[in-house]
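Text of my_file24.cif, listed as mmCIF, C-alpha atoms:
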```cif
data_start
#
loop_
_atom_site.label_atom_id
_atom_site.label_comp_id
_atom_site.auth_asym_id
_atom_site.auth_seq_id
_atom_site.Cartn_x
_atom_site.Cartn_y
_atom_site.Cartn_z
CA MET A 14 -9.26 8.68 5.62
CA ALA A 15 -10.35 8.43 2.00
CA SER A 16 -13.83 9.37 0.95
CA SER A 17 -15.53 7.21 -1.63
CA GLY A 18 -17.97 9.91 -2.63
CA SER A 19 -15.53 12.56 -3.85
CA ASN A 20 -12.17 12.92 -5.48
CA THR A 21 -9.44 12.43 -2.92
CA ILE A 22 -5.68 12.41 -3.07
CA ASP A 23 -4.89 9.23 -1.16
CA LEU A 24 -5.32 6.01 -3.15
CA VAL A 25 -8.13 7.51 -5.18
CA GLY A 26 -10.39 4.97 -6.79
CA ALA A 27 -8.18 2.06 -5.81
CA PRO A 28 -10.49 -0.92 -5.25
CA PHE A 29 -9.65 -3.53 -2.64
CA SER A 30 -8.41 -5.84 -5.39
CA VAL A 31 -5.42 -3.59 -6.20
CA LEU A 32 -4.70 -2.22 -2.73
CA GLU A 33 -1.79 -4.59 -2.21
CA ARG A 34 -0.03 -3.30 -5.34
CA VAL A 35 -0.70 0.36 -4.48
CA PHE A 36 0.58 -0.09 -0.93
CA THR A 37 3.68 -1.93 -2.14
CA SER A 38 4.46 0.85 -4.62
CA LEU A 39 3.87 3.54 -1.99
CA ALA A 40 6.10 1.80 0.56
CA ARG A 41 8.94 1.37 -1.92
CA LYS A 42 8.68 5.00 -3.02
CA LEU A 43 8.96 5.97 0.63
CA GLY A 44 12.30 4.14 0.70
CA ILE A 45 11.23 1.00 2.59
CA LYS A 46 13.16 -2.02 1.37
CA ASN A 47 12.58 -5.74 0.93
CA ILE A 48 8.84 -5.86 1.74
CA GLU A 49 5.56 -6.20 -0.11
CA PHE A 50 1.87 -6.23 0.77
CA VAL A 51 -0.35 -9.26 0.18
CA GLU A 52 -4.07 -9.57 0.76
CA LEU A 53 -5.27 -12.02 3.40
CA TYR A 54 -8.50 -13.95 2.92
CA ASP A 55 -8.48 -15.52 6.37
CA ILE A 56 -6.70 -14.89 9.65
CA GLU A 57 -6.51 -18.50 10.80
CA PRO A 58 -3.02 -20.02 11.22
CA TRP A 59 -3.31 -22.19 8.11
CA ALA A 60 -3.78 -19.07 5.94
CA VAL A 61 -1.27 -16.76 7.62
CA ASP A 62 1.61 -18.58 9.32
CA HIS A 63 3.40 -19.62 6.11
CA LEU A 64 3.62 -15.93 5.11
CA ASN A 65 5.38 -14.89 8.34
CA PRO A 66 3.77 -11.42 8.32
CA LEU A 67 5.78 -8.56 9.80
CA ALA A 68 2.71 -6.35 10.32
CA LEU A 69 -0.89 -5.85 9.14
CA VAL A 70 -2.92 -3.05 7.54
CA PHE A 71 -6.69 -3.06 8.06
CA CYS A 72 -8.89 -1.10 5.61
CA PHE A 73 -12.52 -0.52 6.59
CA VAL A 74 -15.46 1.85 6.27
CA TRP A 75 -14.71 4.32 9.02
CA ALA A 76 -17.02 4.88 11.97
CA LYS A 77 -16.34 6.69 15.21
CA ASP A 78 -14.64 4.39 17.69
CA HIS A 79 -14.96 5.18 21.38
CA HIS A 80 -12.14 4.52 23.82
CA LYS A 81 -11.44 5.67 27.33
CA ALA A 82 -8.47 7.93 28.00
CA ALA A 83 -7.09 5.23 30.28
CA ASP A 84 -6.76 2.89 27.31
CA PHE A 85 -3.85 4.99 26.05
CA ASN A 86 -2.09 5.42 29.42
CA ASP A 87 0.52 2.73 28.82
CA PRO A 88 4.09 3.62 29.92
CA MET A 89 5.46 1.37 27.19
CA ALA A 90 3.65 3.46 24.56
CA GLU A 91 6.19 6.24 25.14
CA LYS A 92 8.78 4.07 23.37
CA VAL A 93 6.52 3.61 20.34
CA TRP A 94 6.91 6.03 17.44
CA PHE A 95 3.42 7.29 16.65
CA ALA A 96 2.17 10.17 14.49
CA ASN A 97 -1.32 11.63 14.44
CA GLN A 98 -3.07 12.08 11.11
CA LEU A 99 -3.65 15.82 10.71
CA GLN A 100 -4.81 15.86 7.08
CA ASP A 101 -7.63 14.09 5.29
CA ASP A 102 -6.78 11.40 2.78
CA SER A 103 -3.36 10.61 4.24
CA CYS A 104 -4.23 7.56 6.34
CA ALA A 105 -2.41 5.14 4.04
CA THR A 106 0.88 7.02 4.35
CA HIS A 107 0.46 7.35 8.12
CA ALA A 108 -0.39 3.66 8.50
CA ILE A 109 2.75 2.63 6.61
CA LEU A 110 5.01 5.02 8.53
CA ASN A 111 3.55 4.14 11.95
CA ILE A 112 4.22 0.48 11.17
CA ALA A 113 7.61 0.71 9.46
CA LEU A 114 9.19 3.08 11.97
CA ASN A 115 8.34 0.67 14.82
CA SER A 116 9.01 -2.74 13.33
CA PRO A 117 12.50 -4.08 14.13
CA ASP A 118 12.34 -6.38 11.09
CA ILE A 119 11.67 -3.71 8.42
CA ASP A 120 14.51 -1.83 6.72
CA VAL A 121 13.19 1.71 6.26
CA GLY A 122 16.27 3.07 4.51
CA ASP A 123 18.57 5.94 5.44
CA ALA A 124 16.10 8.79 4.80
CA LEU A 125 13.28 7.43 6.98
CA ARG A 126 15.77 6.30 9.63
CA GLN A 127 17.05 9.86 9.87
CA PHE A 128 13.48 11.19 9.92
CA ARG A 129 12.68 8.96 12.88
CA GLU A 130 15.74 10.14 14.78
CA ASP A 131 14.88 13.78 14.11
CA THR A 132 11.26 13.39 15.32
CA ASP A 133 11.69 10.79 18.05
CA LEU A 134 11.27 13.25 20.95
CA MET A 135 8.31 15.08 19.39
CA SER A 136 4.72 14.62 20.46
CA SER A 137 2.42 12.57 18.25
CA THR A 138 0.79 15.77 16.96
CA MET A 139 4.13 17.32 16.04
CA LYS A 140 5.19 14.10 14.33
CA GLY A 141 2.04 14.26 12.21
CA LEU A 142 2.86 17.87 11.35
CA ALA A 143 6.41 16.84 10.45
CA ILE A 144 5.04 14.25 8.02
CA SER A 145 2.75 16.83 6.41
CA ASN A 146 5.59 19.33 5.97
CA HIS A 147 8.31 16.91 4.88
CA PRO A 148 8.92 17.65 1.18
CA ASN A 149 9.92 14.12 0.15
CA LEU A 150 7.05 12.45 2.01
CA ARG A 151 4.55 14.97 0.63
CA GLN A 152 5.86 14.54 -2.91
CA THR A 153 5.74 10.75 -2.67
CA HIS A 154 2.22 10.85 -1.24
CA ASN A 155 0.90 13.20 -3.93
CA SER A 156 2.54 11.20 -6.72
CA PHE A 157 -0.31 8.70 -6.31
CA ALA A 158 -2.96 11.33 -7.03
CA ARG A 159 -4.59 11.79 -10.41
CA PRO A 160 -4.29 15.28 -11.92
CA ALA A 161 -8.08 15.56 -11.82
CA ASP A 162 -7.99 14.92 -8.06
CA ILE A 163 -5.44 17.68 -7.52
CA ARG A 164 -7.54 20.09 -9.58
CA GLY A 165 -10.59 19.05 -7.59
CA SER A 166 -8.75 19.61 -4.32
CA ARG A 167 -7.70 23.09 -5.42
CA THR A 168 -11.29 23.86 -6.38
CA VAL A 169 -12.50 22.78 -2.95
CA ILE A 170 -9.87 24.99 -1.29
CA ALA A 171 -10.89 27.95 -3.46
CA ASN A 172 -14.61 27.45 -2.77
CA THR A 173 -13.99 27.10 0.96
CA THR A 174 -11.92 30.29 0.95
CA PHE A 175 -14.55 32.25 -0.98
CA LYS A 176 -17.34 31.04 1.33
CA ALA A 177 -15.33 31.95 4.42
CA GLU A 178 -14.58 35.41 3.02
CA ALA A 179 -18.25 35.98 2.12
CA LYS A 180 -19.31 34.88 5.60
CA ARG A 181 -16.79 37.24 7.17
CA LYS A 182 -18.11 40.18 5.15
CA ARG A 183 -21.71 39.38 6.09
CA GLU A 184 -20.78 39.26 9.77
CA GLU A 185 -18.96 42.60 9.50
CA ALA A 186 -21.99 44.14 7.77
CA ARG A 187 -24.37 42.86 10.46
CA ALA A 188 -22.09 44.14 13.22
CA GLY A 189 -22.74 47.76 12.21
CA LYS A 190 -26.54 47.45 11.99
CA PRO A 191 -29.17 47.07 14.73
CA PRO A 192 -30.83 43.65 14.87
CA PRO A 193 -34.04 43.49 12.78
CA ALA A 194 -37.41 43.49 14.55
CA LYS A 195 -38.94 40.10 15.03
CA LYS A 196 -42.06 39.37 12.96
CA PRO A 197 -44.68 36.80 13.80
CA LYS A 198 -44.45 33.77 11.59
CA THR A 199 -47.54 32.99 9.53
CA THR A 200 -46.21 29.99 7.64
CA SER A 201 -43.55 27.50 8.54
CA THR A 202 -40.46 27.71 6.41
CA PRO A 203 -38.33 24.67 5.68
CA LYS A 204 -35.20 24.53 7.74
CA LYS A 205 -32.08 25.28 5.76
CA THR A 206 -29.87 22.26 5.61
CA ASP A 207 -26.18 22.51 6.14
CA ASP A 208 -23.85 21.68 3.28
CA ASN A 209 -22.08 19.25 5.58
CA ASP A 210 -25.17 17.06 5.98
CA ASP A 211 -24.46 15.29 2.70
CA ASP A 212 -20.89 14.60 3.76
CA GLU A 213 -22.12 12.62 6.75
CA ASN A 214 -23.76 10.12 4.42
CA VAL A 215 -20.60 9.59 2.35
CA GLU A 216 -18.72 6.36 3.03
CA THR A 217 -15.20 7.06 4.22
CA TYR A 218 -12.47 4.43 4.14
CA HIS A 219 -9.69 4.39 6.68
CA PHE A 220 -6.43 2.46 7.14
CA ILE A 221 -4.92 1.41 10.45
CA GLY A 222 -1.93 -0.76 11.27
CA TYR A 223 -1.07 -3.60 13.64
CA VAL A 224 2.59 -4.08 14.51
CA PRO A 225 4.58 -5.96 17.19
CA SER A 226 7.05 -3.72 18.96
CA HIS A 227 8.68 -3.40 22.41
CA GLY A 228 7.21 -6.66 23.68
CA LYS A 229 3.60 -5.84 22.80
CA CYS A 230 1.27 -5.72 19.82
CA TRP A 231 -0.11 -2.27 18.98
CA GLU A 232 -3.01 -0.88 17.01
CA MET A 233 -1.79 2.22 15.14
CA ASP A 234 -4.68 4.51 14.22
CA GLY A 235 -3.60 8.02 13.28
CA LEU A 236 -7.00 9.43 14.23
CA LYS A 237 -6.62 8.31 17.85
CA SER A 238 -4.58 10.03 20.50
CA GLY A 239 -1.91 7.33 20.63
CA PRO A 240 -1.04 3.68 20.03
CA LEU A 241 -3.49 1.21 21.54
CA GLU A 242 -2.16 -1.98 23.12
CA VAL A 243 -3.73 -5.13 21.72
CA GLY A 244 -1.83 -7.69 23.75
CA GLU A 245 1.50 -8.68 25.23
CA LEU A 246 4.01 -10.88 23.43
CA ALA A 247 5.59 -13.95 24.99
CA SER A 248 9.04 -12.38 24.78
CA SER A 249 10.10 -8.74 24.70
CA SER A 250 13.07 -9.58 22.47
CA SER A 251 11.18 -11.55 19.81
CA THR A 252 8.04 -11.09 17.71
CA ASP A 253 7.38 -14.83 17.37
CA GLY A 254 3.72 -15.71 17.83
CA TRP A 255 2.48 -12.15 17.54
CA MET A 256 -0.32 -13.20 15.16
CA ASP A 257 -1.84 -15.30 17.96
CA VAL A 258 -1.96 -12.13 20.07
CA VAL A 259 -3.57 -9.90 17.44
CA ARG A 260 -6.03 -12.48 16.07
CA PRO A 261 -8.79 -11.91 18.71
CA ALA A 262 -8.62 -8.14 18.16
CA LEU A 263 -8.93 -8.64 14.41
CA ARG A 264 -12.00 -10.82 14.84
CA MET A 265 -13.67 -8.10 16.90
CA LYS A 266 -12.73 -5.46 14.33
CA MET A 267 -14.08 -7.51 11.44
CA LYS A 268 -17.34 -8.18 13.23
CA LYS A 269 -17.77 -4.51 14.08
CA TYR A 270 -16.94 -3.09 10.66
CA GLY A 271 -18.74 -5.36 8.26
CA GLY A 272 -17.96 -9.05 8.46
CA ALA A 273 -19.92 -11.49 6.31
CA ALA A 274 -20.66 -13.92 9.13
CA GLU A 275 -24.26 -12.70 9.36
CA GLY A 276 -24.88 -12.71 5.61
CA GLY A 277 -23.83 -9.09 4.97
CA ASN A 278 -21.28 -7.75 2.54
CA ILE A 279 -17.61 -7.74 3.45
CA ARG A 280 -16.73 -4.08 4.06
CA PHE A 281 -13.06 -4.41 4.89
CA SER A 282 -9.75 -5.64 3.53
CA LEU A 283 -6.74 -6.99 5.40
CA LEU A 284 -3.20 -6.70 4.06
CA ALA A 285 -0.10 -8.37 5.45
CA ILE A 286 3.41 -6.95 5.18
CA VAL A 287 5.75 -9.78 4.19
CA ARG A 288 9.24 -10.19 2.82
CA GLY A 289 9.54 -9.17 -0.83
CA SER A 290 9.11 -12.14 -3.14
CA PHE A 291 11.63 -10.88 -5.68
CA GLU A 292 14.26 -10.17 -3.05
CA LYS A 293 13.78 -13.61 -1.52
CA ALA A 294 13.99 -15.30 -4.94
CA SER A 295 17.08 -13.24 -5.82
CA ASP A 296 18.82 -14.32 -2.61
CA ASP A 297 17.89 -17.95 -3.27
CA PHE A 298 19.28 -17.71 -6.79
CA GLU A 299 22.59 -16.26 -5.63
CA TYR A 300 22.71 -18.94 -2.93
CA LEU A 301 22.31 -21.63 -5.61
CA ARG A 302 24.91 -19.94 -7.80
CA LYS A 303 27.46 -20.27 -4.99
CA GLU A 304 26.32 -23.83 -4.28
CA LYS A 305 26.87 -24.87 -7.91
CA VAL A 306 30.47 -23.65 -7.74
CA ALA A 307 31.07 -25.45 -4.43
CA LEU A 308 29.61 -28.72 -5.73
CA GLU A 309 31.65 -28.61 -8.93
CA ARG A 310 34.77 -28.04 -6.85
CA GLN A 311 33.86 -31.08 -4.74
CA LEU A 312 33.31 -33.21 -7.87
CA GLY A 313 36.84 -32.44 -9.10
CA ASP A 314 38.37 -30.94 -12.22
CA ASP A 315 36.70 -33.55 -14.44
CA TRP A 316 33.21 -32.82 -13.13
CA ARG A 317 31.83 -32.17 -16.65
CA SER A 318 32.42 -35.82 -17.55
CA LYS A 319 30.28 -36.88 -14.58
CA VAL A 320 27.16 -34.83 -15.37
CA GLU A 321 24.67 -34.94 -18.23
CA SER A 322 25.68 -32.66 -21.10
CA GLU A 323 22.09 -31.43 -21.60
CA LEU A 324 21.84 -30.44 -17.95
CA ASP A 325 25.24 -28.74 -18.14
CA VAL A 326 24.09 -26.58 -21.06
CA LEU A 327 20.85 -25.80 -19.28
CA SER A 328 22.72 -24.77 -16.15
CA ASN A 329 24.96 -22.41 -18.10
CA ASP A 330 21.96 -20.78 -19.79
CA THR A 331 20.19 -20.43 -16.44
CA PHE A 332 23.00 -18.81 -14.47
CA GLU A 333 24.63 -16.76 -17.22
CA SER A 334 21.33 -15.13 -18.21
CA VAL A 335 20.86 -13.62 -14.74
CA PRO A 336 23.30 -10.90 -13.61
CA LYS A 337 24.73 -11.08 -10.12
CA ARG A 338 22.81 -9.07 -7.55
CA PRO A 339 23.51 -7.95 -3.98
CA PHE A 340 22.07 -9.93 -1.10
CA PHE A 341 18.99 -8.67 0.74
CA THR A 342 18.58 -11.15 3.59
CA ALA A 343 20.56 -10.84 6.79
CA GLY A 344 22.50 -13.95 7.81
CA TRP A 345 22.93 -15.12 4.22
CA ALA A 346 26.71 -15.57 4.54
CA GLN A 347 26.41 -17.69 7.67
CA LYS A 348 23.86 -19.96 6.01
CA ARG A 349 26.14 -20.32 2.98
CA LEU A 350 29.14 -21.16 5.19
CA TYR A 351 27.30 -24.02 6.92
CA ARG A 352 26.19 -25.39 3.56
CA ASP A 353 29.75 -25.29 2.18
CA LEU A 354 30.94 -27.34 5.14
CA GLU A 355 28.24 -29.94 4.41
CA ILE A 356 29.35 -30.10 0.76
CA GLN A 357 32.96 -30.72 1.74
CA ARG A 358 31.87 -33.85 3.64
CA MET A 359 29.93 -35.26 0.65
CA ASP A 360 31.18 -38.18 -1.42
CA GLN A 361 31.10 -38.08 -5.23
CA GLU A 362 27.70 -39.71 -5.57
CA ASP A 363 25.98 -37.41 -3.07
CA ALA A 364 27.64 -34.36 -4.61
CA LEU A 365 26.39 -35.38 -8.08
CA VAL A 366 22.81 -35.76 -6.80
CA ALA A 367 23.08 -32.39 -5.03
CA TRP A 368 24.39 -30.76 -8.24
CA ARG A 369 21.41 -31.99 -10.25
CA GLN A 370 19.01 -30.78 -7.57
CA CYS A 371 20.78 -27.41 -7.46
CA ILE A 372 20.25 -26.90 -11.20
CA MET A 373 16.56 -27.83 -11.02
CA ASN A 374 16.03 -25.50 -8.06
CA ALA A 375 17.78 -22.68 -9.92
CA ILE A 376 15.45 -23.09 -12.91
CA SER A 377 12.42 -22.88 -10.62
CA VAL A 378 13.74 -19.83 -8.73
CA LYS A 379 14.57 -18.07 -12.01
CA ALA A 380 10.97 -18.56 -13.14
CA THR A 381 9.80 -16.99 -9.86
CA MET A 382 12.08 -13.99 -10.42
CA GLU A 383 10.75 -13.51 -13.96
CA GLU A 384 7.19 -13.69 -12.67
CA GLU A 385 7.91 -11.02 -10.04
CA ILE A 386 9.52 -8.78 -12.64
CA SER A 387 6.42 -9.14 -14.84
CA LYS A 388 4.21 -8.24 -11.88
CA ALA A 389 6.34 -5.18 -11.17
CA ILE A 390 6.08 -4.03 -14.80
CA GLU A 391 2.32 -4.54 -14.73
CA THR A 392 2.01 -2.60 -11.46
CA ASN A 393 4.11 0.25 -12.84
CA THR A 394 1.96 0.34 -15.98
CA GLU A 395 -1.24 0.45 -13.93
CA HIS A 396 0.17 3.27 -11.83
CA ALA A 397 1.20 5.24 -14.93
CA LYS A 398 -2.28 4.85 -16.43
CA ARG A 399 -3.93 5.80 -13.18
CA VAL A 400 -2.05 9.05 -12.57
CA HIS A 401 -1.89 10.13 -16.23
CA ASP A 402 -3.87 13.24 -17.12
CA TRP A 403 -6.40 12.00 -19.70
CA GLU A 404 -8.41 15.23 -19.82
CA PRO A 405 -6.39 16.89 -22.66
CA LEU A 406 -6.86 13.75 -24.80
CA PHE A 407 -10.63 13.74 -24.34
CA GLU A 408 -10.81 17.49 -24.92
CA ALA A 409 -8.80 17.25 -28.14
CA TYR A 410 -10.93 14.30 -29.29
CA LEU A 411 -14.19 16.20 -28.75
CA ARG A 412 -12.81 19.29 -30.49
CA LYS A 413 -11.81 17.18 -33.49
CA LEU A 414 -15.27 15.62 -33.67
CA HIS A 415 -16.81 19.09 -33.54
CA SER A 416 -14.52 20.53 -36.24
CA ASN A 417 -15.39 17.62 -38.55
CA GLY A 418 -19.12 18.08 -37.96
CA LEU A 419 -19.56 14.73 -36.21
CA LEU A 420 -20.23 15.79 -32.63
CA ASN A 421 -23.79 17.08 -33.12
CA ALA A 422 -24.82 13.88 -34.87
CA LEU A 423 -23.51 11.80 -31.96
CA LEU A 424 -25.48 14.00 -29.52
CA ASP A 425 -28.69 13.82 -31.63
CA ARG A 426 -28.52 17.51 -32.48
CA ASP A 427 -28.83 19.37 -35.81
CA GLU A 428 -26.20 21.61 -37.40
CA HIS A 429 -27.37 24.51 -35.19
CA GLY A 430 -26.98 22.52 -31.98
CA ARG A 431 -30.71 22.07 -31.39
CA LYS A 432 -31.92 18.70 -30.15
CA ILE A 433 -33.58 16.57 -32.83
CA SER A 434 -37.00 15.25 -31.90
CA SER A 435 -37.69 11.56 -32.13
CA LYS A 436 -40.15 12.10 -34.99
CA LYS A 437 -37.60 13.88 -37.18
CA ARG A 438 -34.83 11.46 -36.41
CA LYS A 439 -33.95 9.39 -39.47
CA VAL A 440 -33.78 5.67 -39.16
CA VAL A 441 -30.99 4.10 -41.16
CA VAL A 442 -31.70 0.55 -42.30
#
```
Target format structure tokens, applied to this file:
Amino acid sequence: MASSGSNTIDLVGAPFSVLERVFTSLARKLGIKNIEFVELYDIEPWAVDHLNPLALVFCFVWAKDHHKAADFNDPMAEKVWFANQLQDDSCATHAILNIALNSPDIDVGDALRQFREDTDLMSSTMKGLAISNHPNLRQTHNSFARPADIRGSRTVIANTTFKAEAKRKREEARAGKPPPAKKPKTTSTPKKTDDNDDDENVETYHFIGYVPSHGKCWEMDGLKSGPLEVGELASSSSTDGWMDVVRPALRMKMKKYGGAAEGGNIRFSLLAIVRGSFEKASDDFEYLRKEKVALERQLGDDWRSKVESELDVLSNDTFESVPKRPFFTAGWAQKRLYRDLEIQRMDQEDALVAWRQCIMNAISVKATMEEEISKAIETNTEHAKRVHDWEPLFEAYLRKLHSNGLLNALLDRDEHGRKISSKKRKVVV
């Protein structure tokens, strides 16, 4: 969970509008490949189906959710990899791991794949402890914290330790003394409030996941005892149609945790895990690069005399300006093979039309790749600004103002640091 009323380590200060970028950066730093997070504005088929989501992340203002123990007694749940959240402000990392390590369509990389194998037979509590103690996961998680948040967390730990030590000493001192005699109360004294009372009024955000796995759709909440079944898929070997299964559960969740259907504010955000746009565009571009070569071979050695010279120059600029990249999508070679067979059956006229279309498609795909690169640079810049320690800059700036005699004037104080009254304050016209 992440508290909105105090400095926290997990996704501190990240508004809903940038959650998709933060989650994408976090997932890629964890080693998960070829995915990105996009925000959903509706869960109806017309708004979701074209994205082909692999899983979902639901962010909401946390409130205690009651379930019976029987709700988690599903034999199939034993096959699901699930880790309990044992630390505050780590729900985003847990949500991503509980999703990625169960989805058959997500490439988690060698490190996370080995981590899953090492923890597969552990209980959900021990898996959560393994996440907390894993050096790479902990380092990746804390890399999204601002230095001020880490200092604040250390201060909280120190204050908690000092309070616990003082309480222990008071209890030891009282243990060696007889209890004081009771005195009749003459006036009522206000009841001392607990320091934790204010924390109960602080809004706390939480992230949970929805993922299809092992023939069912699961709700993955690290604060619950295990994965909760949402519904059963049509086929145990395919995740097709899983959004139709999870949609009723999402509607109930949205209604419970702040939907706007009754005129209230929207208090949640829904992210979908989809294929990475850059990786998809890169595969499409390499596909078109191969197609251009195959079409020119079909047109013959004199193919340059059959195409427009301007389009030929444009095609060279388009393909030569982009270096060759590895393929990300499985089944790419098979798709390319079938297309090459179609090209071999084309006549000259059809091959010429296909060549022109190939060049135009390549120009469009290249523009998409450049746009994704710009988005990545912008996201990286935002992350760098967010986690940079600005405190030394502000401290040096204030010291410079003070040394030049400008700070007191800005604070409406005289040269001795005393506040200037409104009557003595000079008005400059």
*Have a look at A:His147, A:Lys337, A:Lys229, A:Arg260 and name the one nearest to Ala247 of chain A; count all atoms listed in the file.*
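Checking each of A:His147, A:Lys337, A:Lys229, A:Arg260 against Ala247 of chain A, counting all atoms listed in the file, the winner is A:Lys229.
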*Might you pull out every residue within 12 Å of Met89 of chain A, with only C-alpha atoms counted and same-chain residues fewer than 4 positions away left off, and present them as a PyMOL selection string?*
chain A and resi 85+93-94+226-231+239-242+245+249
_A:Asp325, A:Glu304, A:Asp425, A:Asp120 ranked by distance to Asn47 of chain A, top pick (using all atoms listed in the file)_ =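 Nearest candidate to Asn47 of chain A out of A:Asp325, A:Glu304, A:Asp425, A:Asp120: A:Asp120.
One finds atom CA of Phe128 of chain A at 13.4 Å from atom CA of Arg151 of chain A.
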*Looking at A:Phe73, A:Leu114, A:Lys140, A:Leu125, which one is nearest to Ala96 of chain A, with distances taken over all atoms listed in the file?*
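Nearest to Ala96 of chain A: A:Lys140.
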*asked:* For Gln152 of chain A, find every residue with an atom within 12 Å (counting all atoms listed in the file), except residues of its own chain fewer than 6 positions away, and show them as an MDAnalysis selection string.
replied: chainID A and resid 22 39 42:43 106 144:146 158
What are the centre and edge lengths in Å, to one decimal, of the axis-aligned box around all listed atoms of segment 370-386 of chain A with 8 Å added on each side, as lines of an AutoDock Vina configuration file?
```
center_x = 14.0
center_y = -19.8
center_z = -10.7
size_x = 29.6
size_y = 38.0
size_z = 22.5
```
_Can you translate the PyMOL selection byres ((chain A and resi 400-409) around 8) into the concrete residues it hits in this file, as a PyMOL selection string?_
chain A and resi 156-161+396-399+410-413
Residues just named, written with C-alpha atoms as a tab-separated table (two decimals), keeping the file's coordinate frame:
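Output saved as out-v9.tsv:
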```tsv
chain	number	residue	atom	x	y	z
A	156	SER	CA	2.54	11.20	-6.72
A	157	PHE	CA	-0.31	8.70	-6.31
A	158	ALA	CA	-2.96	11.33	-7.03
A	159	ARG	CA	-4.59	11.79	-10.41
A	160	PRO	CA	-4.29	15.28	-11.92
A	161	ALA	CA	-8.08	15.56	-11.82
A	396	HIS	CA	0.17	3.27	-11.83
A	397	ALA	CA	1.20	5.24	-14.93
A	398	LYS	CA	-2.28	4.85	-16.43
A	399	ARG	CA	-3.93	5.80	-13.18
A	410	TYR	CA	-10.93	14.30	-29.29
A	411	LEU	CA	-14.19	16.20	-28.75
A	412	ARG	CA	-12.81	19.29	-30.49
A	413	LYS	CA	-11.81	17.18	-33.49
```
_Show me, as a ChimeraX atom specification, the residues that have an atom within 10 Å of Lys46 of chain A when counting all atoms listed in the file, minus same-chain residues fewer than 5 positions from it._
/A:40-41,119-122,288-289,292,341
*asked:* Evaluated on this file, the PyMOL selection byres ((chain A and resi 113) around 10) picks out some residues - which ones are they, written as a PyMOL selection string?
replied: chain A and resi 40+45+67-68+94+107-112+114-121+125-126+222+224+286
*Applied to this file, what does the PyMOL selection byres ((chain A and resi 333) around 12) return in terms of residues, put as a ChimeraX atom specification?*
/A:298-299,302,326-332,334-337,375-376,379
*Between atom CA of Ile221 of chain A and atom CA of Cys72 of chain A, what is the distance, to one decimal in Å?*
6.7 Å
*Take atom CA of Ala124 of chain A and atom CA of Gly44 of chain A and report the distance between them in Å, one decimal.*
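Answer for the atom CA of Ala124 of chain A to atom CA of Gly44 of chain A separation: 7.3 Å.
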For segment 86-123 of chain A of the block above, can you save C-alpha atoms as a CSV table (one decimal), in the first residue's frame?
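Final file, decode.csv:
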```csv
chain,number,residue,atom,x,y,z
A,86,ASN,CA,-9.7,-23.1,-0.8
A,87,ASP,CA,-9.3,-23.7,-4.5
A,88,PRO,CA,-7.1,-26.7,-5.4
A,89,MET,CA,-6.0,-25.0,-8.6
A,90,ALA,CA,-4.6,-22.1,-6.5
A,91,GLU,CA,-1.8,-24.3,-5.5
A,92,LYS,CA,-0.4,-24.1,-9.0
A,93,VAL,CA,-0.5,-20.3,-8.9
A,94,TRP,CA,2.6,-18.4,-7.8
A,95,PHE,CA,1.5,-16.0,-5.2
A,96,ALA,CA,3.5,-13.9,-2.7
A,97,ASN,CA,2.1,-12.0,0.3
A,98,GLN,CA,3.0,-8.4,0.8
A,99,LEU,CA,4.9,-8.2,4.1
A,100,GLN,CA,6.1,-4.6,3.9
A,101,ASP,CA,4.3,-1.3,3.5
A,102,ASP,CA,4.6,0.6,0.2
A,103,SER,CA,5.6,-2.4,-1.9
A,104,CYS,CA,2.2,-3.3,-3.4
A,105,ALA,CA,3.2,-2.1,-6.9
A,106,THR,CA,6.2,-4.5,-7.0
A,107,HIS,CA,4.1,-7.3,-5.6
A,108,ALA,CA,1.3,-6.7,-8.1
A,109,ILE,CA,3.7,-6.8,-11.0
A,110,LEU,CA,5.5,-10.0,-9.8
A,111,ASN,CA,2.3,-11.8,-8.9
A,112,ILE,CA,1.1,-11.1,-12.5
A,113,ALA,CA,4.2,-11.7,-14.5
A,114,LEU,CA,5.3,-14.9,-12.8
A,115,ASN,CA,1.9,-16.4,-13.6
A,116,SER,CA,1.2,-15.2,-17.1
A,117,PRO,CA,2.2,-17.6,-19.8
A,118,ASP,CA,2.4,-14.8,-22.3
A,119,ILE,CA,4.9,-12.5,-20.5
A,120,ASP,CA,8.7,-13.0,-20.8
A,121,VAL,CA,10.1,-12.3,-17.3
A,122,GLY,CA,13.7,-12.8,-18.3
A,123,ASP,CA,16.3,-15.2,-16.9
```
